[in-house]
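Heads up: the structure comes next, in structure tokens.
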There are 2 protein chains.
Amino acid sequence: MMNKCSPYKFPSIAERLPPPPPFLLLARKELPSFSPFISLISDPKHHNHHQKKTKEKKKMDGPIFVIEASEAESMAKQSGLTVLQLLPALVKSAQALARPPISDYHVGAVGLGSSGRIFLGGNLEFPGLPLHHSVHAEQFLITNLTLNAEPSLKYVAVSAAPCGHCRQFLQEIRHAPDVQILITGDSTDNQSYKNDLANKQQFEPLSCLLPHRFGPDDLLDKDIPLLLETRHNNLSFVGDALLPNGICASFDDLKNEALEAANKSHAPFTNCPSGVALMDCEGKVYRGSYMESAAYNPSIGPVQAALVAFVMGGREGYDRIVAAVLVEKQGAKARQEQTARLLLKEISPKCELKVFHCGSSSSFNGCNNQNSC
Amino acid sequence: MMNKCSPYKFPSIAERLPPPPPFLLLARKELPSFSPFISLISDPKHHNHHQKKTKEKKKMDGPIFVIEASEAESMAKQSGLTVLQLLPALVKSAQALARPPISDYHVGAVGLGSSGRIFLGGNLEFPGLPLHHSVHAEQFLITNLTLNAEPSLKYVAVSAAPCGHCRQFLQEIRHAPDVQILITGDSTDNQSYKNDLANKQQFEPLSCLLPHRFGPDDLLDKDIPLLLETRHNNLSFVGDALLPNGICASFDDLKNEALEAANKSHAPFTNCPSGVALMDCEGKVYRGSYMESAAYNPSIGPVQAALVAFVMGGREGYDRIVAAVLVEKQGAKARQEQTARLLLKEISPKCELKVFHCGSSSSFNGCNNQNSC
């Protein structure tokens, strides 16, 4: 099964790196102070050995979706910018990471976390399915933060006005109203970028973009962890799911990865956490945790979250995914199984999906059956 | 097949009418001027023959989701209120129409159209499925307007702050930023309602609730019809779908109803319109048109739209739905078939779904196959 797809042809380094934003292409000629920044993205030769190694590792893994705090500071210093000013400069790179085959409308979002790391996200669309399967750039960004255990999001620069759906999803973060947003638009000329730099006030708090918000405060006790906050749902396998499935060791590994993802799932509104682990034809695993919205519909499914991890791994076609495990509660009010199956069947026709049930350690909720496909 | 479910027991009149809002229950004692309003909802004896007939017809059809302009004016006059002031007074009735078995969080929305008619909507949730299948009260309201060919929405009173998802969906209406919104909250005491009445300024334009909007203006030419505007997508059956299916005449009727719904579908962003017709065990038909959002995810699926019609028909359990037809383009980028099947299987296990393909009259888009289930 691990050899179901043809050998993967690694793209060239140039293909794997996000293209420099048009602004930086302009800057290459017109703003010499930006050259170091460009070279950090595209050429490790100006950097020390550690940076070289980090860079090379990233090139092996695919395009860059996370910039470490030290790298971000170095980029900023060498470019004569603040770290905050890097965010809009990276939006075009984030747009290039998007995969929107239905709309061809590339949205890029760049976020700065409290750790000082910079995160990139782009929108994902899945042809042949209803549009609610789509992942917006801001949702990709948040998923990126969760996958990297970033505790808090402070600033976001995004290429288009965030839609209401995204403004709502962002409410799941503690102190969401204080997250600062900058809409860069599609202006790519150097002069507009210089104006943006001169005008830091274009960042505005999310509270201004979604006043009179409906959010977790309306439904949850204050002490319940919100999105990005540490949690463990105390889920464990029940019934037959406790046993090795006897098919292959890989599925047992995937089961545990999916359980771990379910344990990190943010599902305080339905108490129906779930997690997915995907495996590609090289045996690499991608985890995704279901993330719920107080407003229900903007929730991100566990497969979508795992697909974000897959895209961040630099893998090209979803048809490279050959195995998947979903872990959720049996008889969950918000049940992912059939929709997960539908999505994977459409985009990863070679993928075999298995579903295992779990229960909370404190109460097993009557879950005691394995449901395989 | 039309006799698959047991004979329908009509609920009593009291069961079929939305309960009077708590405010009106208070008003019965404390605000005599409201009595005529109450009696219009619950007792036709104070009204003329025409009103009686209308009322009786509505009682036969189930709970009230639309109040005719003349009725609204009469209610307002007899209550010493303006028509606008009736909207918040009806929010509790709208909440009572909601069907949220997952959250038990009842949201009610009441809208005033440019025709002077008042429309009610409540939220719908579907256990056993991911939360993106949910229909929000504001989306129910808009679907209600489309089903009743209302050309424009002017004012909305809603029980909770509209979530970002709904604020986004509302953008599909022309002049959406000017729609006036009032959030009533859950205050039910008479004094707060009197304060609300005295303070008309609580209505605020949608532009204040979703500033810097992303909407159809960002993607469409100005002359393309928006939601609520008249359209005909010029779709007709292609290939085998042109033939009678030979199963039963009912499916041929449903086919035509579903095609009509697809022709009214709002899908300017993907050009993948679709429509559904549902039939209950009494042979009554409910149509629903797919309605797309510029932001993709807040779109309403064609089954959801038809379920709004079913709920508005006063029918109780979705398991009373025994037959369904979906019409969409073959190979559509945004394809509804599998998700429609999944949703109906979960909530209407007796329902047989058939799918027929259509093409635009001007170009058949290669659609020439019938795909039955």
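Each chain in the structure tokens gets a letter, A, B, ..., in the order shown, and its residues are numbered from 1; ligands are numbered from 1 in order too.
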I'd like the contact shell of His175 in chain A - 10 Å cut-off, only C-alpha atoms, skipping same-chain residues fewer than 2 positions apart - returned as an mmCIF file with N, CA, C and O atoms, in the first residue's frame.
data_model
loop_
_atom_site.group_PDB
_atom_site.id
_atom_site.type_symbol
_atom_site.label_atom_id
_atom_site.label_comp_id
_atom_site.auth_asym_id
_atom_site.auth_seq_id
_atom_site.Cartn_x
_atom_site.Cartn_y
_atom_site.Cartn_z
ATOM 1 N N SER A 152 -0.278 32.144 20.736
ATOM 2 C CA SER A 152 -1.095 33.346 20.575
ATOM 3 C C SER A 152 -0.799 34.033 19.241
ATOM 4 O O SER A 152 0.336 34.014 18.761
ATOM 5 N N LEU A 153 -1.834 34.599 18.645
ATOM 6 C CA LEU A 153 -1.687 35.342 17.382
ATOM 7 C C LEU A 153 -1.856 36.830 17.679
ATOM 8 O O LEU A 153 -2.823 37.226 18.330
ATOM 9 N N LYS A 154 -0.929 37.621 17.210
ATOM 10 C CA LYS A 154 -0.977 39.050 17.526
ATOM 11 C C LYS A 154 -1.341 39.918 16.323
ATOM 12 O O LYS A 154 -2.097 40.876 16.452
ATOM 13 N N LEU A 170 -11.886 33.382 13.641
ATOM 14 C CA LEU A 170 -10.827 33.964 14.474
ATOM 15 C C LEU A 170 -11.289 34.244 15.904
ATOM 16 O O LEU A 170 -10.472 34.387 16.815
ATOM 17 N N GLN A 171 -12.600 34.313 16.113
ATOM 18 C CA GLN A 171 -13.125 34.579 17.456
ATOM 19 C C GLN A 171 -12.770 33.483 18.455
ATOM 20 O O GLN A 171 -12.889 33.668 19.656
ATOM 21 N N GLU A 172 -12.369 32.311 17.948
ATOM 22 C CA GLU A 172 -12.056 31.201 18.860
ATOM 23 C C GLU A 172 -10.766 31.424 19.644
ATOM 24 O O GLU A 172 -10.459 30.658 20.553
ATOM 25 N N ILE A 173 -9.997 32.435 19.263
ATOM 26 C CA ILE A 173 -8.750 32.737 19.967
ATOM 27 C C ILE A 173 -9.053 33.643 21.158
ATOM 28 O O ILE A 173 -9.864 34.567 21.044
ATOM 29 N N PRO A 177 -10.621 39.961 19.869
ATOM 30 C CA PRO A 177 -10.897 41.335 19.424
ATOM 31 C C PRO A 177 -9.638 42.202 19.306
ATOM 32 O O PRO A 177 -9.638 43.209 18.606
ATOM 33 N N ASP A 178 -8.562 41.785 20.004
ATOM 34 C CA ASP A 178 -7.333 42.593 19.970
ATOM 35 C C ASP A 178 -6.370 42.204 18.853
ATOM 36 O O ASP A 178 -5.346 42.867 18.671
ATOM 37 N N VAL A 179 -6.659 41.106 18.148
ATOM 38 C CA VAL A 179 -5.768 40.722 17.038
ATOM 39 C C VAL A 179 -5.786 41.853 16.001
ATOM 40 O O VAL A 179 -6.849 42.355 15.635
ATOM 41 N N LEU A 206 -9.347 43.404 15.298
ATOM 42 C CA LEU A 206 -10.443 42.575 14.792
ATOM 43 C C LEU A 206 -11.795 43.056 15.328
ATOM 44 O O LEU A 206 -12.819 42.909 14.656
ATOM 45 N N SER A 207 -11.785 43.657 16.505
ATOM 46 C CA SER A 207 -13.045 44.166 17.068
ATOM 47 C C SER A 207 -13.682 45.202 16.148
ATOM 48 O O SER A 207 -14.900 45.372 16.165
ATOM 49 N N LEU A 226 -9.429 27.896 24.984
ATOM 50 C CA LEU A 226 -9.851 28.317 23.643
ATOM 51 C C LEU A 226 -8.831 27.792 22.626
ATOM 52 O O LEU A 226 -7.873 27.104 22.983
#
Quick check: residues of chain A within 6 Å of chain B, only C-alpha atoms, returned as a VMD selection string. chain A and resid 127 to 132 161 163 to 165 168 209 to 211 214 296 to 297 333 to 336
Taking only C-alpha atoms into account, name the residue in B:Val156, B:Leu84, B:Leu227, B:Val308 that is nearest to Ala72 in chain B. B:Leu84
Which polymer residues have any atom within 9 Å of an atom of Leu182 in chain B, counting only C-alpha atoms, with same-chain residues fewer than 2 positions away left out, as a list in words?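 Contacts, in chain order: Pro88, Tyr155, Val156, Ala157, Val158, Ser159, Ala161, Gln180, Thr184, Lys200, Gln201, Gln202, Phe203, Glu204 and Pro205 of chain B.
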Polymer residues at most 10 Å from Thr230 in chain B, only C-alpha atoms, same-chain spacing of 4 or more positions, as JSON, numbers by chain: {"B": [146, 149, 150, 151, 225, 226, 264, 266]}
Okay, now the selection with all heavy atoms, as a compact mmCIF listing (two decimals), in the first residue's frame?
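What ended up in out-v2.txt:
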# COMPACT_ATOMS: atom_id res chain seq x y z
N THR B 146 -36.53 34.22 -0.64
CA THR B 146 -36.40 33.72 -2.02
C THR B 146 -37.59 32.84 -2.39
O THR B 146 -38.09 32.92 -3.51
CB THR B 146 -35.10 32.91 -2.23
OG1 THR B 146 -35.13 31.74 -1.42
CG2 THR B 146 -33.87 33.72 -1.89
N ALA B 149 -40.37 35.02 -3.33
CA ALA B 149 -40.09 36.02 -4.37
C ALA B 149 -40.11 37.45 -3.84
O ALA B 149 -40.60 38.36 -4.51
CB ALA B 149 -41.07 35.85 -5.53
N GLU B 150 -39.59 37.62 -2.65
CA GLU B 150 -39.49 38.97 -2.09
C GLU B 150 -38.28 39.66 -2.73
O GLU B 150 -37.18 39.12 -2.69
CB GLU B 150 -39.32 38.89 -0.57
CG GLU B 150 -39.16 40.22 0.13
CD GLU B 150 -40.42 41.10 0.07
OE1 GLU B 150 -41.52 40.54 -0.09
OE2 GLU B 150 -40.28 42.33 0.16
N PRO B 151 -38.48 40.85 -3.28
CA PRO B 151 -37.37 41.44 -4.04
C PRO B 151 -36.26 42.07 -3.21
O PRO B 151 -35.14 42.24 -3.70
CB PRO B 151 -38.06 42.52 -4.89
CG PRO B 151 -39.32 42.84 -4.16
CD PRO B 151 -39.73 41.59 -3.44
N PRO B 225 -27.28 39.41 -11.75
CA PRO B 225 -28.29 39.43 -10.68
C PRO B 225 -27.72 38.91 -9.36
O PRO B 225 -26.97 37.93 -9.34
CB PRO B 225 -29.37 38.48 -11.19
CG PRO B 225 -29.13 38.31 -12.64
CD PRO B 225 -27.68 38.55 -12.87
N LEU B 226 -28.06 39.58 -8.29
CA LEU B 226 -27.64 39.13 -6.96
C LEU B 226 -28.79 38.32 -6.33
O LEU B 226 -29.84 38.13 -6.95
CB LEU B 226 -27.24 40.33 -6.10
CG LEU B 226 -26.03 41.10 -6.62
CD1 LEU B 226 -25.66 42.22 -5.64
CD2 LEU B 226 -24.83 40.19 -6.84
N LYS B 264 -33.48 28.87 -10.69
CA LYS B 264 -33.51 30.05 -9.81
C LYS B 264 -32.28 30.12 -8.91
O LYS B 264 -32.15 31.02 -8.08
CB LYS B 264 -34.77 29.99 -8.94
CG LYS B 264 -36.04 30.23 -9.74
CD LYS B 264 -37.26 30.25 -8.84
CE LYS B 264 -38.51 30.61 -9.65
NZ LYS B 264 -39.74 30.55 -8.84
N HIS B 266 -28.70 30.74 -7.26
CA HIS B 266 -27.75 31.86 -7.30
C HIS B 266 -26.35 31.27 -7.20
O HIS B 266 -25.90 30.92 -6.10
CB HIS B 266 -28.04 32.78 -6.11
CG HIS B 266 -27.01 33.86 -5.89
ND1 HIS B 266 -26.86 34.94 -6.71
CD2 HIS B 266 -26.07 34.01 -4.91
CE1 HIS B 266 -25.90 35.74 -6.26
NE2 HIS B 266 -25.39 35.19 -5.17
